[in-house]
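Chemist: Take this structure first; my questions come after.
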Amino acid sequence: MADEIRFEWDDANLEHIARHNVSREEAEQAMTNDPMDDGYEVTKGEERWTMTGHTNRLRILKVVWTLRHGTVVRVVTAFDAPRDDARDYLRAKVGL
């Protein structure tokens with residue numbers, strides 16, 4: 001990802017991630033702390049990417065995001081990574 005990512009936030013996506021007990025800051029950190037790409041799909045005509053990353057407090061999150069206006073990241077959702085995904089992430093990042 002680019003060094004300086006611009007994020008788009010509004011009540012809808014902030015409320016959605018809050019239902020998963022994830023803050024805006026945590027979602028942004030997970031996307032900027034060298035995340036792992038988990039895939040890409042088109043959902044309801046929108047391109048969406050999924051990644052696994054960690055917060056500054058080492059919480060491992062799954063983040064689904066899309067691009068707006070070609071360069072602005074809009075987080076669709078963010079939640080704690082499932083156990084197997086978190087394990088795979090740790091193994092890839094630190095060799096556990």
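Ordered as shown in the structure tokens, chains take letters A, B, and onward, while each chain numbers its residues from 1 and ligands are numbered from 1 in the order shown.
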Hey, what's within 12 Å of range 38-54 of chain A if we count only C-alpha atoms and toss same-chain stuff fewer than 3 positions away? As a CSV table (one decimal) with all heavy atoms, in the first residue's frame, please?

Modeler:
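Result written to result.csv:
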chain,number,residue,atom,x,y,z
A,1,MET,N,0.8,-1.2,0.0
A,1,MET,CA,0.0,0.0,0.0
A,1,MET,C,0.9,1.2,0.0
A,1,MET,O,2.0,1.2,0.4
A,1,MET,CB,-0.9,0.0,1.2
A,1,MET,CG,-1.7,-1.3,1.4
A,1,MET,SD,-3.3,-1.0,2.1
A,1,MET,CE,-4.2,-0.1,0.8
A,22,VAL,N,-14.2,-2.6,16.7
A,22,VAL,CA,-13.0,-2.1,16.1
A,22,VAL,C,-13.1,-0.6,15.9
A,22,VAL,O,-14.2,-0.1,15.5
A,22,VAL,CB,-12.8,-2.8,14.7
A,22,VAL,CG1,-11.6,-2.2,14.0
A,22,VAL,CG2,-12.7,-4.3,14.9
A,25,GLU,N,-9.1,3.9,14.2
A,25,GLU,CA,-7.6,3.9,14.3
A,25,GLU,C,-7.1,2.5,14.2
A,25,GLU,O,-6.1,2.3,13.5
A,25,GLU,CB,-7.2,4.5,15.7
A,25,GLU,CG,-7.4,6.0,15.8
A,25,GLU,CD,-8.9,6.3,16.2
A,25,GLU,OE1,-9.7,5.5,16.6
A,25,GLU,OE2,-9.3,7.5,16.0
A,26,GLU,N,-7.8,1.5,14.8
A,26,GLU,CA,-7.3,0.1,14.6
A,26,GLU,C,-7.4,-0.3,13.2
A,26,GLU,O,-6.5,-1.0,12.7
A,26,GLU,CB,-8.2,-0.8,15.5
A,26,GLU,CG,-7.9,-0.6,17.0
A,26,GLU,CD,-8.8,-1.5,17.8
A,26,GLU,OE1,-10.0,-1.4,17.6
A,26,GLU,OE2,-8.2,-2.2,18.7
A,27,ALA,N,-8.5,0.0,12.5
A,27,ALA,CA,-8.6,-0.4,11.1
A,27,ALA,C,-7.5,0.2,10.3
A,27,ALA,O,-6.9,-0.5,9.4
A,27,ALA,CB,-10.0,-0.1,10.6
A,28,GLU,N,-7.2,1.5,10.5
A,28,GLU,CA,-6.2,2.2,9.7
A,28,GLU,C,-4.8,1.6,10.0
A,28,GLU,O,-4.0,1.4,9.1
A,28,GLU,CB,-6.2,3.7,10.0
A,28,GLU,CG,-7.4,4.3,9.4
A,28,GLU,CD,-7.5,5.8,9.6
A,28,GLU,OE1,-6.5,6.4,10.2
A,28,GLU,OE2,-8.5,6.5,9.3
A,29,GLN,N,-4.6,1.3,11.3
A,29,GLN,CA,-3.3,0.7,11.7
A,29,GLN,C,-3.1,-0.7,11.0
A,29,GLN,O,-2.0,-1.0,10.5
A,29,GLN,CB,-3.2,0.5,13.2
A,29,GLN,CG,-3.0,1.8,13.9
A,29,GLN,CD,-3.2,1.6,15.4
A,29,GLN,OE1,-3.3,0.5,16.0
A,29,GLN,NE2,-3.4,2.8,16.1
A,30,ALA,N,-4.1,-1.5,11.0
A,30,ALA,CA,-4.0,-2.8,10.4
A,30,ALA,C,-3.7,-2.7,8.9
A,30,ALA,O,-3.0,-3.6,8.4
A,30,ALA,CB,-5.3,-3.6,10.6
A,31,MET,N,-4.2,-1.7,8.3
A,31,MET,CA,-4.0,-1.5,6.8
A,31,MET,C,-2.6,-0.9,6.5
A,31,MET,O,-2.1,-1.0,5.4
A,31,MET,CB,-5.1,-0.6,6.2
A,31,MET,CG,-6.4,-1.4,6.2
A,31,MET,SD,-7.6,-0.6,5.1
A,31,MET,CE,-6.9,-1.0,3.5
A,32,THR,N,-2.0,-0.3,7.5
A,32,THR,CA,-0.7,0.3,7.3
A,32,THR,C,0.5,-0.4,7.9
A,32,THR,O,1.6,0.0,7.6
A,32,THR,CB,-0.7,1.8,7.7
A,32,THR,OG1,-1.0,1.8,9.1
A,32,THR,CG2,-1.7,2.6,7.0
A,33,ASN,N,0.2,-1.4,8.7
A,33,ASN,CA,1.3,-2.2,9.4
A,33,ASN,C,1.7,-3.4,8.5
A,33,ASN,O,1.7,-4.5,9.1
A,33,ASN,CB,0.9,-2.6,10.8
A,33,ASN,CG,0.9,-1.4,11.7
A,33,ASN,OD1,1.6,-0.4,11.5
A,33,ASN,ND2,0.2,-1.5,12.9
A,34,ASP,N,2.0,-3.2,7.3
A,34,ASP,CA,2.5,-4.3,6.4
A,34,ASP,C,1.5,-5.5,6.4
A,34,ASP,O,1.8,-6.6,6.7
A,34,ASP,CB,3.9,-4.8,6.8
A,34,ASP,CG,4.5,-5.7,5.8
A,34,ASP,OD1,4.2,-5.6,4.6
A,34,ASP,OD2,5.3,-6.6,6.2
A,35,PRO,N,0.2,-5.2,5.9
A,35,PRO,CA,-0.8,-6.3,5.9
A,35,PRO,C,-0.5,-7.3,4.9
A,35,PRO,O,0.3,-7.1,3.9
A,35,PRO,CB,-2.1,-5.5,5.6
A,35,PRO,CG,-1.6,-4.4,4.8
A,35,PRO,CD,-0.3,-4.0,5.4
A,57,ARG,N,-1.2,-2.5,18.9
A,57,ARG,CA,-1.2,-3.3,20.1
A,57,ARG,C,-1.3,-4.8,19.8
A,57,ARG,O,-1.6,-5.6,20.6
A,57,ARG,CB,-2.4,-2.9,20.9
A,57,ARG,CG,-2.3,-1.5,21.5
A,57,ARG,CD,-3.5,-1.2,22.4
A,57,ARG,NE,-3.0,-0.2,23.3
A,57,ARG,CZ,-3.4,0.0,24.5
A,57,ARG,NH1,-4.3,-0.9,25.0
A,57,ARG,NH2,-2.9,0.9,25.3
A,58,LEU,N,-1.0,-5.1,18.5
A,58,LEU,CA,-0.9,-6.5,18.0
A,58,LEU,C,-2.2,-7.2,18.0
A,58,LEU,O,-2.2,-8.5,18.0
A,58,LEU,CB,0.2,-7.3,18.8
A,58,LEU,CG,1.6,-6.6,18.7
A,58,LEU,CD1,2.5,-7.5,19.5
A,58,LEU,CD2,2.1,-6.5,17.3
A,59,ARG,N,-3.3,-6.5,17.8
A,59,ARG,CA,-4.6,-7.1,17.6
A,59,ARG,C,-4.6,-7.5,16.1
A,59,ARG,O,-4.3,-6.6,15.3
A,59,ARG,CB,-5.7,-6.2,17.9
A,59,ARG,CG,-7.1,-6.7,17.8
A,59,ARG,CD,-8.1,-5.7,18.2
A,59,ARG,NE,-9.5,-6.3,18.0
A,59,ARG,CZ,-10.6,-5.5,18.1
A,59,ARG,NH1,-10.5,-4.2,18.5
A,59,ARG,NH2,-11.8,-6.1,18.0
A,60,ILE,N,-5.0,-8.7,15.7
A,60,ILE,CA,-4.9,-9.1,14.3
A,60,ILE,C,-6.4,-9.0,13.8
A,60,ILE,O,-7.3,-9.6,14.3
A,60,ILE,CB,-4.4,-10.5,14.2
A,60,ILE,CG1,-2.9,-10.6,14.8
A,60,ILE,CG2,-4.4,-11.0,12.7
A,60,ILE,CD1,-2.3,-11.9,14.9
A,61,LEU,N,-6.5,-8.2,12.7
A,61,LEU,CA,-7.8,-7.9,12.1
A,61,LEU,C,-7.9,-8.4,10.7
A,61,LEU,O,-6.9,-8.4,10.0
A,61,LEU,CB,-8.1,-6.4,12.2
A,61,LEU,CG,-8.1,-5.7,13.6
A,61,LEU,CD1,-8.3,-4.2,13.4
A,61,LEU,CD2,-9.2,-6.3,14.4
A,62,LYS,N,-9.1,-8.7,10.3
A,62,LYS,CA,-9.4,-8.9,8.9
A,62,LYS,C,-10.1,-7.5,8.5
A,62,LYS,O,-10.9,-7.0,9.2
A,62,LYS,CB,-10.5,-9.9,8.7
A,62,LYS,CG,-9.9,-11.3,8.6
A,62,LYS,CD,-9.4,-11.6,7.3
A,62,LYS,CE,-9.2,-13.1,7.1
A,62,LYS,NZ,-8.3,-13.4,6.0
A,63,VAL,N,-9.7,-7.0,7.3
A,63,VAL,CA,-10.3,-5.7,6.9
A,63,VAL,C,-10.7,-5.9,5.4
A,63,VAL,O,-9.9,-6.4,4.6
A,63,VAL,CB,-9.3,-4.6,7.0
A,63,VAL,CG1,-9.9,-3.3,6.5
A,63,VAL,CG2,-8.8,-4.4,8.4
A,64,VAL,N,-11.9,-5.6,5.1
A,64,VAL,CA,-12.4,-5.6,3.8
A,64,VAL,C,-12.5,-4.1,3.4
A,64,VAL,O,-13.1,-3.3,4.1
A,64,VAL,CB,-13.8,-6.3,3.7
A,64,VAL,CG1,-14.3,-6.2,2.2
A,64,VAL,CG2,-13.7,-7.7,4.2
A,65,TRP,N,-12.0,-3.8,2.2
A,65,TRP,CA,-12.0,-2.4,1.8
A,65,TRP,C,-12.2,-2.3,0.3
A,65,TRP,O,-12.0,-3.3,-0.5
A,65,TRP,CB,-10.6,-1.8,2.2
A,65,TRP,CG,-9.4,-2.4,1.7
A,65,TRP,CD1,-8.8,-3.5,2.2
A,65,TRP,CD2,-8.7,-2.1,0.5
A,65,TRP,NE1,-7.7,-3.9,1.4
A,65,TRP,CE2,-7.6,-3.0,0.4
A,65,TRP,CE3,-8.8,-1.0,-0.4
A,65,TRP,CZ2,-6.7,-2.9,-0.6
A,65,TRP,CZ3,-7.8,-0.9,-1.4
A,65,TRP,CH2,-6.8,-1.9,-1.5
A,66,THR,N,-12.5,-1.1,-0.2
A,66,THR,CA,-12.6,-0.8,-1.6
A,66,THR,C,-12.0,0.6,-1.8
A,66,THR,O,-11.6,1.3,-0.9
A,66,THR,CB,-14.1,-0.7,-2.0
A,66,THR,OG1,-14.3,-0.7,-3.4
A,66,THR,CG2,-14.9,0.4,-1.3
A,67,LEU,N,-11.8,0.9,-3.1
A,67,LEU,CA,-11.2,2.2,-3.5
A,67,LEU,C,-12.4,3.1,-4.0
A,67,LEU,O,-13.2,2.7,-4.7
A,67,LEU,CB,-10.2,2.1,-4.6
A,67,LEU,CG,-8.8,1.6,-4.2
A,67,LEU,CD1,-7.9,1.5,-5.5
A,67,LEU,CD2,-8.2,2.5,-3.2
A,68,ARG,N,-12.3,4.3,-3.6
A,68,ARG,CA,-13.2,5.4,-4.0
A,68,ARG,C,-12.4,6.5,-4.7
A,68,ARG,O,-11.3,6.8,-4.3
A,68,ARG,CB,-14.0,6.0,-2.9
A,68,ARG,CG,-14.9,5.0,-2.2
A,68,ARG,CD,-16.2,4.8,-3.0
A,68,ARG,NE,-17.0,3.7,-2.6
A,68,ARG,CZ,-18.0,3.8,-1.7
A,68,ARG,NH1,-18.2,4.9,-1.1
A,68,ARG,NH2,-18.7,2.7,-1.4
A,70,GLY,N,-10.7,6.3,-7.1
A,70,GLY,CA,-9.4,5.8,-7.6
A,70,GLY,C,-8.3,5.7,-6.6
A,70,GLY,O,-7.3,4.9,-6.8
A,73,VAL,N,-9.2,5.0,0.2
A,73,VAL,CA,-9.6,3.7,0.8
A,73,VAL,C,-10.8,3.9,1.6
A,73,VAL,O,-10.9,4.7,2.5
A,73,VAL,CB,-8.5,3.1,1.6
A,73,VAL,CG1,-8.9,1.9,2.4
A,73,VAL,CG2,-7.3,2.8,0.7
A,74,ARG,N,-11.8,3.1,1.4
A,74,ARG,CA,-13.0,3.0,2.2
A,74,ARG,C,-13.1,1.6,2.8
A,74,ARG,O,-13.2,0.6,2.1
A,74,ARG,CB,-14.3,3.3,1.4
A,74,ARG,CG,-15.5,3.2,2.3
A,74,ARG,CD,-16.8,3.6,1.5
A,74,ARG,NE,-18.0,3.4,2.3
A,74,ARG,CZ,-18.4,4.3,3.2
A,74,ARG,NH1,-17.8,5.4,3.4
A,74,ARG,NH2,-19.5,4.0,3.9
A,75,VAL,N,-13.0,1.6,4.1
A,75,VAL,CA,-13.1,0.3,4.9
A,75,VAL,C,-14.6,-0.1,4.8
A,75,VAL,O,-15.5,0.7,5.3
A,75,VAL,CB,-12.6,0.5,6.3
A,75,VAL,CG1,-12.9,-0.8,7.1
A,75,VAL,CG2,-11.1,0.8,6.3
A,76,VAL,N,-14.9,-1.3,4.4
A,76,VAL,CA,-16.2,-1.8,4.3
A,76,VAL,C,-16.5,-2.4,5.7
A,76,VAL,O,-17.6,-2.2,6.2
A,76,VAL,CB,-16.4,-2.8,3.2
A,76,VAL,CG1,-17.8,-3.5,3.2
A,76,VAL,CG2,-16.1,-2.1,1.8
A,77,THR,N,-15.6,-3.2,6.2
A,77,THR,CA,-15.8,-3.8,7.5
A,77,THR,C,-14.4,-4.2,8.0
A,77,THR,O,-13.4,-4.3,7.3
A,77,THR,CB,-16.7,-5.1,7.5
A,77,THR,OG1,-17.0,-5.5,8.8
A,77,THR,CG2,-16.1,-6.2,6.7
A,78,ALA,N,-14.3,-4.4,9.3
A,78,ALA,CA,-13.1,-4.9,10.0
A,78,ALA,C,-13.5,-5.6,11.3
A,78,ALA,O,-14.5,-5.2,11.9
A,78,ALA,CB,-12.2,-3.7,10.4
A,79,PHE,N,-12.9,-6.7,11.5
A,79,PHE,CA,-13.2,-7.6,12.6
A,79,PHE,C,-12.0,-8.4,13.0
A,79,PHE,O,-11.0,-8.5,12.3
A,79,PHE,CB,-14.4,-8.5,12.3
A,79,PHE,CG,-14.2,-9.3,11.0
A,79,PHE,CD1,-13.7,-10.5,11.0
A,79,PHE,CD2,-14.7,-8.7,9.8
A,79,PHE,CE1,-13.5,-11.2,9.8
A,79,PHE,CE2,-14.5,-9.4,8.6
A,79,PHE,CZ,-13.9,-10.7,8.6
A,80,ASP,N,-12.1,-9.0,14.2
A,80,ASP,CA,-11.0,-9.9,14.7
A,80,ASP,C,-10.8,-11.0,13.7
A,80,ASP,O,-11.8,-11.7,13.3
A,80,ASP,CB,-11.2,-10.5,16.1
A,80,ASP,CG,-11.1,-9.4,17.1
A,80,ASP,OD1,-10.0,-8.8,17.2
A,80,ASP,OD2,-12.0,-9.2,17.9
A,81,ALA,N,-9.6,-11.3,13.3
A,81,ALA,CA,-9.3,-12.4,12.4
A,81,ALA,C,-9.7,-13.7,13.0
A,81,ALA,O,-9.4,-13.9,14.2
A,81,ALA,CB,-7.8,-12.4,11.9
A,82,PRO,N,-10.3,-14.6,12.3
A,82,PRO,CA,-10.5,-15.9,12.8
A,82,PRO,C,-9.2,-16.6,13.2
A,82,PRO,O,-8.1,-16.3,12.7
A,82,PRO,CB,-11.2,-16.7,11.6
A,82,PRO,CG,-11.7,-15.6,10.8
A,82,PRO,CD,-10.8,-14.4,10.9
A,83,ARG,N,-9.3,-17.5,14.2
A,83,ARG,CA,-8.1,-18.1,14.8
A,83,ARG,C,-7.1,-18.6,13.7
A,83,ARG,O,-5.9,-18.4,13.8
A,83,ARG,CB,-8.5,-19.2,15.7
A,83,ARG,CG,-7.3,-19.9,16.3
A,83,ARG,CD,-7.7,-21.0,17.2
A,83,ARG,NE,-8.1,-20.3,18.5
A,83,ARG,CZ,-8.5,-20.9,19.6
A,83,ARG,NH1,-8.5,-22.2,19.6
A,83,ARG,NH2,-8.8,-20.2,20.6
A,84,ASP,N,-7.6,-19.4,12.7
A,84,ASP,CA,-6.7,-20.0,11.7
A,84,ASP,C,-6.0,-18.9,10.9
A,84,ASP,O,-4.9,-19.0,10.5
A,84,ASP,CB,-7.5,-20.9,10.8
A,84,ASP,CG,-7.9,-22.2,11.5
A,84,ASP,OD1,-7.3,-22.5,12.6
A,84,ASP,OD2,-8.7,-23.0,10.9
A,85,ASP,N,-6.8,-17.8,10.5
A,85,ASP,CA,-6.2,-16.7,9.8
A,85,ASP,C,-5.1,-16.0,10.6
A,85,ASP,O,-4.1,-15.6,10.1
A,85,ASP,CB,-7.3,-15.8,9.3
A,85,ASP,CG,-8.2,-16.4,8.3
A,85,ASP,OD1,-7.9,-17.5,7.7
A,85,ASP,OD2,-9.3,-15.8,8.0
A,86,ALA,N,-5.4,-15.8,11.9
A,86,ALA,CA,-4.5,-15.1,12.7
A,86,ALA,C,-3.2,-15.9,12.9
A,86,ALA,O,-2.1,-15.4,12.8
A,86,ALA,CB,-5.1,-14.8,14.1
A,87,ARG,N,-3.3,-17.2,13.0
A,87,ARG,CA,-2.2,-18.1,13.1
A,87,ARG,C,-1.4,-18.1,11.8
A,87,ARG,O,-0.1,-17.9,11.8
A,87,ARG,CB,-2.6,-19.6,13.4
A,87,ARG,CG,-1.5,-20.5,13.5
A,87,ARG,CD,-1.9,-22.0,13.4
A,87,ARG,NE,-2.4,-22.2,12.1
A,87,ARG,CZ,-3.6,-22.8,11.8
A,87,ARG,NH1,-4.4,-23.2,12.8
A,87,ARG,NH2,-4.0,-23.0,10.6
A,88,ASP,N,-2.0,-18.1,10.7
A,88,ASP,CA,-1.3,-18.1,9.4
A,88,ASP,C,-0.6,-16.7,9.2
A,88,ASP,O,0.5,-16.7,8.7
A,88,ASP,CB,-2.3,-18.3,8.2
A,88,ASP,CG,-2.8,-19.7,8.2
A,88,ASP,OD1,-2.3,-20.6,8.8
A,88,ASP,OD2,-3.9,-19.9,7.5
A,89,TYR,N,-1.2,-15.7,9.7
A,89,TYR,CA,-0.6,-14.3,9.6
A,89,TYR,C,0.6,-14.3,10.4
A,89,TYR,O,1.7,-13.8,10.0
A,89,TYR,CB,-1.6,-13.3,10.0
A,89,TYR,CG,-1.1,-11.9,10.1
A,89,TYR,CD1,-0.9,-11.1,8.9
A,89,TYR,CD2,-0.7,-11.3,11.3
A,89,TYR,CE1,-0.4,-9.8,9.0
A,89,TYR,CE2,-0.2,-10.0,11.4
A,89,TYR,CZ,0.0,-9.3,10.2
A,89,TYR,OH,0.5,-8.0,10.2
A,90,LEU,N,0.5,-14.8,11.7
A,90,LEU,CA,1.7,-14.8,12.6
A,90,LEU,C,2.8,-15.6,12.0
A,90,LEU,O,4.0,-15.2,12.1
A,90,LEU,CB,1.3,-15.2,14.0
A,90,LEU,CG,0.5,-14.2,14.8
A,90,LEU,CD1,0.0,-14.9,16.0
A,90,LEU,CD2,1.3,-13.0,15.1
A,92,ALA,N,3.5,-16.3,8.9
A,92,ALA,CA,4.1,-15.6,7.8
A,92,ALA,C,4.9,-14.4,8.2
A,92,ALA,O,5.9,-14.1,7.6
A,92,ALA,CB,3.0,-15.1,6.8
A,93,LYS,N,4.5,-13.7,9.2
A,93,LYS,CA,5.2,-12.5,9.6
A,93,LYS,C,6.4,-12.7,10.5
A,93,LYS,O,7.4,-12.0,10.4
A,93,LYS,CB,4.2,-11.5,10.3
A,93,LYS,CG,3.1,-10.9,9.4
A,93,LYS,CD,3.8,-10.1,8.3
A,93,LYS,CE,2.8,-9.6,7.3
A,93,LYS,NZ,3.4,-8.8,6.2

Chemist: Using DSSP assignments from the backbone, pull out every residue in range 39-91 of chain A that falls under strand (DSSP E) and give it to me as a ChimeraX atom specification.

Modeler: /A:39-43,46-54,60-68,72-80

Chemist: I need the alpha helix (DSSP H) residues of chain A per DSSP on the backbone, written as a ChimeraX atom specification.

Modeler: /A:11-18,24-32,83-94

Chemist: Pull N, CA and C atoms from the residues just selected and write them as a PDB file, in the first residue's frame.

Modeler:
ATOM      1  N   ASP A  11     -20.566   7.900   8.938  1.00  0.00           N
ATOM      2  CA  ASP A  11     -21.290   7.204  10.009  1.00  0.00           C
ATOM      3  C   ASP A  11     -21.526   5.730   9.687  1.00  0.00           C
ATOM      4  N   ALA A  12     -21.797   5.415   8.424  1.00  0.00           N
ATOM      5  CA  ALA A  12     -22.127   4.026   8.063  1.00  0.00           C
ATOM      6  C   ALA A  12     -20.965   3.073   8.314  1.00  0.00           C
ATOM      7  N   ASN A  13     -19.779   3.390   7.797  1.00  0.00           N
ATOM      8  CA  ASN A  13     -18.695   2.422   7.997  1.00  0.00           C
ATOM      9  C   ASN A  13     -18.136   2.488   9.421  1.00  0.00           C
ATOM     10  N   LEU A  14     -18.179   3.643  10.060  1.00  0.00           N
ATOM     11  CA  LEU A  14     -17.737   3.724  11.455  1.00  0.00           C
ATOM     12  C   LEU A  14     -18.654   2.908  12.366  1.00  0.00           C
ATOM     13  N   GLU A  15     -19.960   3.003  12.141  1.00  0.00           N
ATOM     14  CA  GLU A  15     -20.907   2.227  12.951  1.00  0.00           C
ATOM     15  C   GLU A  15     -20.756   0.736  12.685  1.00  0.00           C
ATOM     16  N   HIS A  16     -20.481   0.372  11.431  1.00  0.00           N
ATOM     17  CA  HIS A  16     -20.337  -1.044  11.105  1.00  0.00           C
ATOM     18  C   HIS A  16     -19.127  -1.663  11.821  1.00  0.00           C
ATOM     19  N   ILE A  17     -17.972  -1.013  11.756  1.00  0.00           N
ATOM     20  CA  ILE A  17     -16.806  -1.598  12.426  1.00  0.00           C
ATOM     21  C   ILE A  17     -16.963  -1.549  13.946  1.00  0.00           C
ATOM     22  N   ALA A  18     -17.691  -0.557  14.448  1.00  0.00           N
ATOM     23  CA  ALA A  18     -17.927  -0.470  15.896  1.00  0.00           C
ATOM     24  C   ALA A  18     -18.722  -1.675  16.392  1.00  0.00           C
ATOM     25  N   ARG A  24     -11.764   3.146  14.333  1.00  0.00           N
ATOM     26  CA  ARG A  24     -11.206   3.697  13.092  1.00  0.00           C
ATOM     27  C   ARG A  24      -9.676   3.584  13.103  1.00  0.00           C
ATOM     28  N   GLU A  25      -9.078   3.949  14.224  1.00  0.00           N
ATOM     29  CA  GLU A  25      -7.627   3.920  14.338  1.00  0.00           C
ATOM     30  C   GLU A  25      -7.083   2.504  14.165  1.00  0.00           C
ATOM     31  N   GLU A  26      -7.775   1.528  14.755  1.00  0.00           N
ATOM     32  CA  GLU A  26      -7.320   0.147  14.628  1.00  0.00           C
ATOM     33  C   GLU A  26      -7.396  -0.340  13.184  1.00  0.00           C
ATOM     34  N   ALA A  27      -8.479  -0.019  12.499  1.00  0.00           N
ATOM     35  CA  ALA A  27      -8.615  -0.435  11.102  1.00  0.00           C
ATOM     36  C   ALA A  27      -7.512   0.194  10.252  1.00  0.00           C
ATOM     37  N   GLU A  28      -7.240   1.465  10.470  1.00  0.00           N
ATOM     38  CA  GLU A  28      -6.189   2.154   9.715  1.00  0.00           C
ATOM     39  C   GLU A  28      -4.815   1.559  10.031  1.00  0.00           C
ATOM     40  N   GLN A  29      -4.562   1.267  11.294  1.00  0.00           N
ATOM     41  CA  GLN A  29      -3.277   0.674  11.670  1.00  0.00           C
ATOM     42  C   GLN A  29      -3.092  -0.690  11.002  1.00  0.00           C
ATOM     43  N   ALA A  30      -4.137  -1.503  11.011  1.00  0.00           N
ATOM     44  CA  ALA A  30      -4.044  -2.832  10.397  1.00  0.00           C
ATOM     45  C   ALA A  30      -3.729  -2.724   8.908  1.00  0.00           C
ATOM     46  N   MET A  31      -4.222  -1.674   8.275  1.00  0.00           N
ATOM     47  CA  MET A  31      -3.983  -1.508   6.843  1.00  0.00           C
ATOM     48  C   MET A  31      -2.614  -0.915   6.541  1.00  0.00           C
ATOM     49  N   THR A  32      -1.975  -0.315   7.518  1.00  0.00           N
ATOM     50  CA  THR A  32      -0.686   0.334   7.263  1.00  0.00           C
ATOM     51  C   THR A  32       0.497  -0.386   7.894  1.00  0.00           C
ATOM     52  N   ARG A  83      -9.273 -17.486  14.158  1.00  0.00           N
ATOM     53  CA  ARG A  83      -8.084 -18.100  14.752  1.00  0.00           C
ATOM     54  C   ARG A  83      -7.107 -18.638  13.697  1.00  0.00           C
ATOM     55  N   ASP A  84      -7.601 -19.395  12.727  1.00  0.00           N
ATOM     56  CA  ASP A  84      -6.714 -19.968  11.707  1.00  0.00           C
ATOM     57  C   ASP A  84      -6.035 -18.887  10.879  1.00  0.00           C
ATOM     58  N   ASP A  85      -6.777 -17.834  10.549  1.00  0.00           N
ATOM     59  CA  ASP A  85      -6.194 -16.738   9.775  1.00  0.00           C
ATOM     60  C   ASP A  85      -5.146 -15.989  10.590  1.00  0.00           C
ATOM     61  N   ALA A  86      -5.426 -15.773  11.871  1.00  0.00           N
ATOM     62  CA  ALA A  86      -4.460 -15.097  12.741  1.00  0.00           C
ATOM     63  C   ALA A  86      -3.186 -15.930  12.864  1.00  0.00           C
ATOM     64  N   ARG A  87      -3.343 -17.243  13.012  1.00  0.00           N
ATOM     65  CA  ARG A  87      -2.185 -18.133  13.090  1.00  0.00           C
ATOM     66  C   ARG A  87      -1.363 -18.067  11.801  1.00  0.00           C
ATOM     67  N   ASP A  88      -2.020 -18.140  10.661  1.00  0.00           N
ATOM     68  CA  ASP A  88      -1.316 -18.069   9.378  1.00  0.00           C
ATOM     69  C   ASP A  88      -0.593 -16.735   9.219  1.00  0.00           C
ATOM     70  N   TYR A  89      -1.233 -15.661   9.656  1.00  0.00           N
ATOM     71  CA  TYR A  89      -0.629 -14.335   9.587  1.00  0.00           C
ATOM     72  C   TYR A  89       0.646 -14.288  10.434  1.00  0.00           C
ATOM     73  N   LEU A  90       0.549 -14.771  11.671  1.00  0.00           N
ATOM     74  CA  LEU A  90       1.712 -14.763  12.560  1.00  0.00           C
ATOM     75  C   LEU A  90       2.840 -15.625  12.006  1.00  0.00           C
ATOM     76  N   ARG A  91       2.498 -16.769  11.477  1.00  0.00           N
ATOM     77  CA  ARG A  91       3.519 -17.635  10.895  1.00  0.00           C
ATOM     78  C   ARG A  91       4.223 -16.931   9.740  1.00  0.00           C
ATOM     79  N   ALA A  92       3.470 -16.266   8.904  1.00  0.00           N
ATOM     80  CA  ALA A  92       4.063 -15.581   7.751  1.00  0.00           C
ATOM     81  C   ALA A  92       4.907 -14.383   8.177  1.00  0.00           C
ATOM     82  N   LYS A  93       4.484 -13.691   9.211  1.00  0.00           N
ATOM     83  CA  LYS A  93       5.168 -12.458   9.621  1.00  0.00           C
ATOM     84  C   LYS A  93       6.358 -12.687  10.533  1.00  0.00           C
ATOM     85  N   VAL A  94       6.229 -13.635  11.450  1.00  0.00           N
ATOM     86  CA  VAL A  94       7.303 -13.800  12.441  1.00  0.00           C
ATOM     87  C   VAL A  94       7.798 -15.231  12.558  1.00  0.00           C
TER      88      VAL A  94
END
